[in-house]
Amino acid sequence: MERKSASGSIRNKERSKKKFLDAVGKILKTKGHAGLKINDIAATAGVDKKMIYTYFGGMDGLMDEYVRTQDFWVKATSEEVEKMKPNLEDGGRDFIQHMLQSQFDYVYSNKEAQKLLLWTISEPRKSLKKLIDTQEENGEYIFKLLMESRFKDKMDTYRSIMAIMVSGLYYLNMFASLNGSIFCGIDTNTPEGREKIKKAISFMVDQTYENL
């Protein structure tokens with residue numbers, strides 16, 4: 001009986017944690033980051049706000065866990081990258097092309113991720129700084145594992161190209177979601193337009209690997 005009770009307590013905890021995380025996402029989508037107040041999160045979750053401190057240690061802990069569930073590059077941990085079994089012989093060419101195209105699709109289909117991106121450039125916050133630091137740590141792991149041996153003294157140029165591509169793909173999706181989908185004559189809200197962007201990603205990656 002004690003085991004069942006403990007198991008039930010764990011399940012209740014996980015359900016409550018998920019309610020809080022879902023509530024953050026709902027508020028972020030509907031009201032933006034300014035609406036993320038502890039009382040509103042608890043009311044939306046339908047769980048006593050005291051449990052935010054019990055489960056997450058407070059708002060910063062809740063925000064930390066939330067952003068880890070939403071950001072594309074934070075999920076690209078060393079363990080996840082290793083599961084993908086990237087080709088170590090091509091300097092990360094196929095891997096980075098796949099990742100950039102996946103990022104493009106992920107952000108487009110995830111409104112919470114879009115709001116999170118807007119939040120990161122709207123205000124300073126510990127949880128957002130941790131998000132950015134984790135992105136950089138994961139990116140550094142990928143660069144060292146796959147690209148440094150290929151590009152060597154040209155690595156800074158490679159990093160700069162990737163910075164432009166990653167940020168540009170973020171911007172295209174946020175622009176399409178908020179203020180119109182046509183950018184440089186390409187409608188990124190249509191399958192045809194998005195396919196053109198993906199072909200451009202492939203072209204730019206190929207040009208980088210062939211000419212840098």
# chains A, B, ... in the order shown; residues from 1 in each chain; ligands from 1
call {"tool": "residues_around", "arguments": {"residues": "stretch 98-111 of chain A", "least_positions_apart": "6", "cutoff": "8 Å", "atoms": "only C-alpha atoms", "output": "PDB file with C-alpha atoms, in the first residue's frame"}}
result
ATOM      1  CA  LYS A  29       0.926  32.637 -26.352  1.00  0.00           C
ATOM      2  CA  PHE A  72      15.201  24.016 -30.433  1.00  0.00           C
ATOM      3  CA  MET A 165      21.636  31.522 -40.910  1.00  0.00           C
ATOM      4  CA  VAL A 166      20.251  30.539 -37.495  1.00  0.00           C
ATOM      5  CA  LEU A 169      15.580  31.522 -39.977  1.00  0.00           C
ATOM      6  CA  TYR A 170      14.302  32.559 -36.556  1.00  0.00           C
ATOM      7  CA  ASN A 173       9.286  32.502 -38.885  1.00  0.00           C
ATOM      8  CA  MET A 174       8.497  35.249 -36.389  1.00  0.00           C
ATOM      9  CA  SER A 177       3.617  34.706 -37.734  1.00  0.00           C
ATOM     10  CA  LYS A 198      14.833  24.978 -47.457  1.00  0.00           C
ATOM     11  CA  ILE A 201      19.506  26.471 -46.814  1.00  0.00           C
TER      12      ILE A 201
END
call {"tool": "residues_around", "arguments": {"residues": "A:Ser78", "least_positions_apart": "4", "cutoff": "10 Å", "atoms": "only C-alpha atoms", "output": "ChimeraX atom specification"}}
result
/A:82-83,137-139,141-142,145
call {"tool": "residues_around", "arguments": {"residues": "A:Ser16", "least_positions_apart": "5", "cutoff": "10 Å", "atoms": "only C-alpha atoms", "output": "list in words"}}
result
Ile10, Arg11, Leu21, Asp22, Ala45, Gly46, Val47, Asp48, Met51, Ile52 and Tyr55 of chain A
call {"tool": "residues_around", "arguments": {"residues": "A:Asp94", "least_positions_apart": "3", "cutoff": "12 Å", "atoms": "only C-alpha atoms", "output": "NGL selection string"}}
result
:A and (84-91 or 97-101 or 146-147 or 201-203 or 205-206 or 209)
call {"tool": "closest_residue", "arguments": {"among": "A:Thr77, A:Thr208, A:Asn39, A:Gln114", "to": "A:Met162", "atoms": "only C-alpha atoms"}}
result
A:Thr208
call {"tool": "atom_distance", "arguments": {"atom1": "atom CA of A:Leu62", "atom2": "atom CA of A:Glu80"}}
result
23.0 Å
call {"tool": "atom_distance", "arguments": {"atom1": "atom CA of A:Glu14", "atom2": "atom CA of A:Glu65"}}
result
12.8 Å
call {"tool": "atom_distance", "arguments": {"atom1": "atom CA of A:Ala42", "atom2": "atom CA of A:Ala23"}}
result
7.8 Å
call {"tool": "select_by_dssp", "arguments": {"residues": "stretch 80-194 of chain A", "states": "alpha helix (DSSP H)", "output": "JSON, numbers by chain"}}
result
{"A": [80, 81, 82, 83, 93, 94, 95, 96, 97, 98, 99, 100, 101, 102, 103, 104, 105, 106, 107, 108, 109, 111, 112, 113, 114, 115, 116, 117, 118, 119, 120, 126, 127, 128, 129, 130, 131, 132, 133, 134, 135, 136, 137, 138, 139, 140, 141, 142, 148, 149, 150, 151, 155, 156, 157, 158, 159, 160, 161, 162, 163, 164, 165, 166, 167, 168, 169, 170, 171, 172, 173, 174, 175, 176, 177, 178, 191, 192, 193, 194]}
call {"tool": "closest_residue", "arguments": {"among": "A:Thr30, A:Ser181, A:Thr134, A:Ser160", "to": "A:Arg194", "atoms": "only C-alpha atoms"}}
result
A:Ser181
